[in-house]
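One file, structure-v8.txt, carrying compact mmCIF, C-alpha atoms:
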# COMPACT_ATOMS: atom_id res chain seq x y z
CA MET A 1 174.05 82.06 7.98
CA ALA A 2 177.80 82.13 8.51
CA SER A 3 178.98 78.55 8.98
CA LEU A 4 182.26 76.64 8.90
CA THR A 5 180.69 73.19 8.69
CA GLU A 6 181.45 72.74 4.98
CA TYR A 7 185.00 74.06 5.49
CA LYS A 8 185.57 71.45 8.22
CA LYS A 9 184.12 68.57 6.19
CA LYS A 10 186.47 69.16 3.28
CA ARG A 11 189.74 69.13 5.25
CA LYS A 12 191.86 66.76 7.31
CA PHE A 13 193.56 68.99 9.86
CA ASP A 14 196.13 66.37 10.79
CA LYS A 15 197.41 66.57 7.20
CA THR A 16 196.91 70.17 6.10
CA PRO A 17 198.56 73.26 7.68
CA GLU A 18 195.37 75.28 7.14
CA PRO A 19 193.79 76.75 10.32
CA GLY A 20 190.96 74.95 12.09
CA PRO A 21 187.31 76.02 11.82
CA THR A 22 187.13 78.57 14.64
CA LYS A 23 184.80 81.57 14.41
CA LYS A 24 186.29 84.87 15.56
CA LYS A 25 186.41 88.53 14.60
CA THR A 26 189.12 91.06 13.90
CA LYS A 27 189.08 94.40 15.70
CA THR A 28 187.20 96.10 12.84
CA GLY A 29 185.18 93.09 11.74
CA ARG A 30 185.76 94.30 8.19
CA MET A 31 188.89 92.57 6.94
CA PHE A 32 189.42 91.46 3.36
CA VAL A 33 192.11 89.25 1.86
CA VAL A 34 192.97 87.98 -1.60
CA GLN A 35 194.95 84.76 -1.80
CA LYS A 36 196.61 83.58 -5.00
CA HIS A 37 196.19 79.81 -5.16
CA ARG A 38 197.81 77.39 -7.60
CA ALA A 39 195.76 74.24 -7.05
CA THR A 40 194.49 72.20 -10.01
CA GLN A 41 194.17 75.56 -11.77
CA LEU A 42 195.46 78.99 -10.84
CA HIS A 43 192.84 81.26 -9.25
CA TYR A 44 192.50 84.06 -6.72
CA ASP A 45 190.42 83.61 -3.56
CA PHE A 46 188.62 86.84 -2.68
CA ARG A 47 187.44 86.93 0.94
CA LEU A 48 185.40 89.40 3.02
CA GLU A 49 185.01 89.13 6.79
CA VAL A 50 181.31 88.88 7.69
CA ASP A 51 179.93 87.81 11.08
CA GLY A 52 183.07 86.03 12.23
CA VAL A 53 183.93 84.16 9.02
CA LEU A 54 185.44 84.94 5.63
CA LYS A 55 182.84 84.89 2.87
CA SER A 56 184.80 83.54 -0.09
CA TRP A 57 184.77 83.57 -3.89
CA ALA A 58 187.17 81.89 -6.33
CA VAL A 59 188.09 84.37 -9.08
CA PRO A 60 189.79 82.43 -11.92
CA LYS A 61 191.45 85.43 -13.59
CA GLY A 62 191.93 87.51 -10.46
CA PRO A 63 190.56 90.97 -9.68
CA SER A 64 190.79 93.73 -12.29
CA LEU A 65 191.11 97.47 -11.72
CA ASP A 66 189.52 98.09 -15.13
CA PRO A 67 185.80 98.92 -14.66
CA THR A 68 185.00 97.58 -18.14
CA VAL A 69 186.15 94.09 -17.08
CA ARG A 70 183.72 91.77 -15.29
CA ARG A 71 185.43 88.97 -13.41
CA LEU A 72 183.64 85.69 -12.77
CA ALA A 73 183.60 84.92 -9.03
CA MET A 74 182.36 81.52 -7.87
CA GLN A 75 181.21 81.52 -4.25
CA VAL A 76 182.81 78.76 -2.19
CA GLU A 77 182.52 77.68 1.44
CA ASP A 78 183.05 80.17 4.28
CA HIS A 79 186.58 80.17 5.71
CA PRO A 80 187.76 81.00 9.25
CA VAL A 81 189.13 84.51 9.83
CA ASP A 82 192.53 82.99 10.69
CA TYR A 83 192.76 81.78 7.09
CA ALA A 84 193.68 85.31 6.06
CA LYS A 85 197.21 84.78 7.40
CA PHE A 86 197.72 81.43 5.66
CA GLU A 87 200.54 81.36 3.13
CA GLY A 88 202.20 78.07 2.29
CA VAL A 89 201.60 74.66 0.77
CA ILE A 90 198.52 72.43 1.02
CA PRO A 91 199.74 68.83 0.48
CA GLU A 92 198.97 67.26 -2.89
CA GLY A 93 196.04 64.88 -2.62
CA GLU A 94 194.30 67.05 -0.03
CA TYR A 95 191.42 69.39 -0.87
CA GLY A 96 192.87 72.42 -2.67
CA GLY A 97 196.33 70.86 -2.83
CA GLY A 98 198.90 73.38 -4.03
CA THR A 99 200.60 76.66 -3.13
CA VAL A 100 198.85 79.62 -1.49
CA MET A 101 200.07 83.23 -1.41
CA VAL A 102 198.63 86.18 0.53
CA TRP A 103 198.40 88.47 -2.49
CA ASP A 104 196.65 91.43 -0.81
CA TYR A 105 194.88 92.29 2.42
CA GLY A 106 193.36 95.24 4.22
CA THR A 107 189.94 96.45 5.31
CA TYR A 108 186.68 97.09 3.51
CA GLU A 109 183.61 99.24 4.08
CA PRO A 110 180.14 98.35 2.78
CA GLU A 111 178.41 101.06 0.76
CA ASN A 112 174.74 101.98 1.20
CA THR A 113 174.17 99.31 3.87
CA ASP A 114 175.20 98.29 7.36
CA ASP A 115 174.02 94.71 6.90
CA VAL A 116 176.55 92.92 4.69
CA ASP A 117 175.01 89.49 5.18
CA SER A 118 171.60 90.72 4.10
CA ALA A 119 173.06 92.43 1.01
CA LEU A 120 174.81 89.21 0.02
CA ARG A 121 171.62 87.21 0.44
CA LYS A 122 169.88 89.67 -1.88
CA GLY A 123 172.67 89.22 -4.41
CA GLU A 124 174.43 92.58 -4.57
CA LEU A 125 177.06 94.14 -2.32
CA LYS A 126 178.78 97.45 -3.01
CA PHE A 127 181.90 98.14 -0.97
CA SER A 128 185.19 100.02 -0.89
CA LEU A 129 188.56 98.34 -0.38
CA ASN A 130 191.57 99.72 1.41
CA GLY A 131 194.35 97.26 0.64
CA GLN A 132 197.89 97.62 -0.59
CA LYS A 133 197.05 96.55 -4.15
CA LEU A 134 193.28 96.93 -4.33
CA LYS A 135 191.56 100.19 -3.40
CA GLY A 136 188.41 102.10 -4.16
CA SER A 137 184.83 101.14 -4.90
CA TRP A 138 183.68 97.67 -6.09
CA VAL A 139 180.55 95.58 -6.43
CA LEU A 140 179.76 91.86 -6.17
CA VAL A 141 176.66 90.88 -8.15
CA ARG A 142 175.14 87.40 -8.14
CA THR A 143 174.05 86.17 -11.56
CA ARG A 144 172.81 82.71 -10.51
CA ASP A 145 173.28 80.24 -7.66
CA ARG A 146 176.96 80.49 -6.57
CA GLN A 147 178.00 82.45 -9.66
CA TRP A 148 178.84 86.13 -9.11
CA LEU A 149 180.63 88.96 -10.92
CA LEU A 150 183.34 91.08 -9.28
CA ILE A 151 183.46 94.53 -10.88
CA LYS A 152 185.55 97.64 -10.16
CA HIS A 153 183.66 100.94 -10.09
CA ARG A 154 185.17 103.85 -11.97
CA ASP A 155 187.11 106.08 -9.58
CA TYR A 156 190.61 107.39 -8.81
CA TYR A 157 192.00 103.84 -8.49
CA THR A 158 190.98 102.42 -11.87
CA MET A 159 193.64 101.39 -14.40
CA ASP A 160 193.88 99.48 -17.68
CA GLU A 161 196.98 97.48 -16.71
CA ASP A 162 196.57 93.99 -15.25
CA VAL A 163 197.25 94.41 -11.53
CA THR A 164 197.98 90.69 -11.14
CA GLU A 165 200.87 91.08 -13.61
CA ILE A 166 202.36 94.34 -12.33
CA ALA A 167 202.02 93.33 -8.64
CA PRO A 168 202.53 89.54 -8.68
CA VAL A 169 204.25 88.75 -5.37
CA SER A 170 203.15 88.11 -1.78
CA ILE A 171 202.19 91.14 0.28
CA LEU A 172 203.71 89.38 3.31
CA SER A 173 206.98 87.89 2.13
CA ARG A 174 207.51 89.39 -1.34
CA ARG A 175 207.82 85.84 -2.67
CA THR A 176 206.40 84.41 -5.90
CA LEU A 177 204.32 81.23 -5.82
CA ALA A 178 207.34 79.22 -6.95
CA GLU A 179 209.49 80.66 -4.16
CA ILE A 180 206.82 79.88 -1.57
CA ALA A 181 206.59 76.31 -2.85
CA GLU A 182 210.37 75.94 -2.78
CA ASP A 183 210.61 77.29 0.77
CA GLU A 184 207.70 75.23 2.10
CA GLY A 185 208.46 71.90 0.45
CA GLY A 186 205.86 72.10 -2.30
CA ASP A 187 205.94 71.57 -6.04
CA ALA A 188 207.91 74.60 -7.26
CA LYS A 189 207.58 73.60 -10.92
CA LYS A 190 203.80 73.44 -10.67
CA ALA A 191 203.67 76.70 -8.71
CA ALA A 192 205.83 78.44 -11.31
CA THR A 193 203.07 77.98 -13.88
CA GLY A 194 201.05 80.45 -11.84
CA GLY A 195 203.81 83.04 -11.89
CA PRO A 196 203.87 86.32 -13.82
CA LYS A 197 205.20 86.57 -17.35
CA LYS A 198 208.01 88.73 -16.02
CA ILE A 199 209.15 88.35 -12.43
CA PRO A 200 210.25 91.67 -10.90
CA ARG A 201 213.60 91.99 -9.17
CA ARG A 202 213.27 91.34 -5.44
CA THR A 203 214.69 94.27 -3.50
CA GLY A 204 215.70 93.98 0.14
CA VAL A 205 214.09 90.58 0.63
CA THR A 206 216.04 87.78 2.23
CA ARG A 207 215.01 84.21 1.51
CA ARG A 208 214.57 82.33 4.73
CA GLY A 209 216.16 78.93 5.30
CA LYS A 210 214.07 75.82 4.75
CA ARG A 211 214.06 75.07 8.49
CA ALA A 212 213.16 78.59 9.55
CA LYS A 213 209.64 79.32 10.74
CA ALA A 214 207.38 80.95 8.19
CA LYS A 215 206.58 84.61 8.73
CA VAL A 216 202.88 85.29 8.65
CA TRP A 217 200.63 88.28 9.13
CA HIS A 218 198.42 88.08 12.22
CA SER A 219 195.00 89.71 12.31
CA LYS A 220 194.14 91.79 15.34

Please lay out the structure from this file as structure tokens.
Amino acid sequence: MASLTEYKKKRKFDKTPEPGPTKKKTKTGRMFVVQKHRATQLHYDFRLEVDGVLKSWAVPKGPSLDPTVRRLAMQVEDHPVDYAKFEGVIPEGEYGGGTVMVWDYGTYEPENTDDVDSALRKGELKFSLNGQKLKGSWVLVRTRDRQWLLIKHRDYYTMDEDVTEIAPVSILSRRTLAEIAEDEGGDAKKAATGGPKKIPRRTGVTRRGKRAKAKVWHSK
């Protein structure tokens, strides 16, 4: 059952800028988002909208477009749909303290089923992604308890290169983790350890002032 109880228990909403635990749906009901998160360790949070919440997995090495690579994905608590637009800094000392980037987002379509929740309970969900960085056919397979594997199926969108290295910046603001931390009052030095080996030149992107309101993507 989709629930935000665990999400609520872990957070103090008078201290964190993360959205409150409100269930809602997007227009399609099939949104996905990947958030790059430099907390204690760098990881990527892979989220699929299901029944008014975001089913979520922490992927330590991030998604891979290489079908021969199997990425460990640890299932974590459900998140509210509004979390998909969250990019910024969770205060140190709070749960998940660190810098969060919206690395990719878009929509997904389940394959061979109309009941995503049932497929997840059975331990295998095949789906196609239509994002800006991630596209094509994928599968999530549970190996035990909360431990899953995220695997790319072989299709037109496969590649050997590491997509997290060649496309390292925010899909919303074109900022690196370090730039987000600097703008939002976080630990830029810590965030920089989650940056790419080579940071691409930023074209046509203006850094906003520290007092300016953050620009976020809003789901519809």

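Distances here use all atoms listed in the file; by that measure, the residue among A:Ser118, A:Gln41, A:Thr158, A:Ser173 closest to Pro60 of chain A is A:Gln41.
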
- Message: Applying 8 Å and all atoms listed in the file, which residues near Pro19 of chain A remain after dropping the ones on its own chain fewer than 6 positions away? List them as an NGL selection string.
- Response: :A and (13 or 80 or 82-83 or 86)

Would you output that residue set with C-alpha atoms, as an mmCIF file, keeping the file's coordinate frame?
data_model
loop_
_atom_site.group_PDB
_atom_site.id
_atom_site.type_symbol
_atom_site.label_atom_id
_atom_site.label_comp_id
_atom_site.auth_asym_id
_atom_site.auth_seq_id
_atom_site.Cartn_x
_atom_site.Cartn_y
_atom_site.Cartn_z
ATOM 1 C CA PHE A 13 193.560 68.990 9.860
ATOM 2 C CA PRO A 80 187.760 81.000 9.250
ATOM 3 C CA ASP A 82 192.530 82.990 10.690
ATOM 4 C CA TYR A 83 192.760 81.780 7.090
ATOM 5 C CA PHE A 86 197.720 81.430 5.660
#

- Task: Calculate how many Å separate atom CA of Glu182 of chain A from atom CA of Glu87 of chain A, rounding to one decimal.
- Result: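 Those two atoms sit 12.7 Å apart.
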
- Message: Around the point (174.9, 78.3, 11.4) (coordinates from the file), which residues reach within 12 Å if we count all atoms listed in the file? Answer as a ChimeraX atom specification.
- Response: /A:1-6,23,51-53,78

Export C-alpha atoms of the chosen residues as an mmCIF file, keeping the file's coordinate frame?
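Final file, result_27.cif:
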data_model
loop_
_atom_site.group_PDB
_atom_site.id
_atom_site.type_symbol
_atom_site.label_atom_id
_atom_site.label_comp_id
_atom_site.auth_asym_id
_atom_site.auth_seq_id
_atom_site.Cartn_x
_atom_site.Cartn_y
_atom_site.Cartn_z
ATOM 1 C CA MET A 1 174.050 82.060 7.980
ATOM 2 C CA ALA A 2 177.800 82.130 8.510
ATOM 3 C CA SER A 3 178.980 78.550 8.980
ATOM 4 C CA LEU A 4 182.260 76.640 8.900
ATOM 5 C CA THR A 5 180.690 73.190 8.690
ATOM 6 C CA GLU A 6 181.450 72.740 4.980
ATOM 7 C CA LYS A 23 184.800 81.570 14.410
ATOM 8 C CA ASP A 51 179.930 87.810 11.080
ATOM 9 C CA GLY A 52 183.070 86.030 12.230
ATOM 10 C CA VAL A 53 183.930 84.160 9.020
ATOM 11 C CA ASP A 78 183.050 80.170 4.280
#

- Interatomic distance between atom CA of Lys126 of chain A and atom CA of His79 of chain A?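 Distance between the two atoms: 20.9 Å.
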
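Interatomic distance, atom CA of Glu49 of chain A to atom CA of Lys8 of chain A: 17.7 Å.
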
- Task: Just the residues within 8 Å of segment 132-145 of chain A, please, counting only C-alpha atoms, with nothing from its chain fewer than 2 positions along; format it as a VMD selection string.
- Result: chain A and resid 65 104 to 106 123 to 130 147 to 157 163 167 171

- Of the candidates A:Glu161, A:Leu42, A:Thr107, A:Val89, which one gets nearest to Gly195 of chain A if we count all atoms listed in the file? A:Leu42

Report, as JSON, the centre and edge lengths in Å (one decimal) of the axis-aligned box enclosing every listed atom of segment 112-129 of chain A, padded by 3 Å on each side.
{"center_x": 179.2, "center_y": 94.6, "center_z": 1.4, "size_x": 24.7, "size_y": 20.8, "size_z": 17.9}

- Item | Among listed residues A:Gly194, A:Gly62, A:Pro91, A:Gly96, nearest Lys10 of chain A (using only C-alpha atoms) |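 Comparing A:Gly194, A:Gly62, A:Pro91, A:Gly96 against Lys10 of chain A, the winner is A:Gly96.
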
- Query: Near Lys189 of chain A, within 12 Å and counting all atoms listed in the file, which residues show up once chain neighbours fewer than 2 positions away are dropped, as number ranges by chain?
  - Reply: A: 38, 98-99, 176-182, 185-187, 191-195

- Minimum-distance residue to Arg175 of chain A, chosen among A:Tyr7, A:Trp103, A:Trp57, A:Tyr95 (using all atoms listed in the file):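 Closest residue, counting all atoms listed in the file: A:Trp103.
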
- Top pick for closest residue to Leu48 of chain A, considering A:Asp183, A:Asp14, A:Asp117, A:Glu94 and counting all atoms listed in the file: A:Asp117
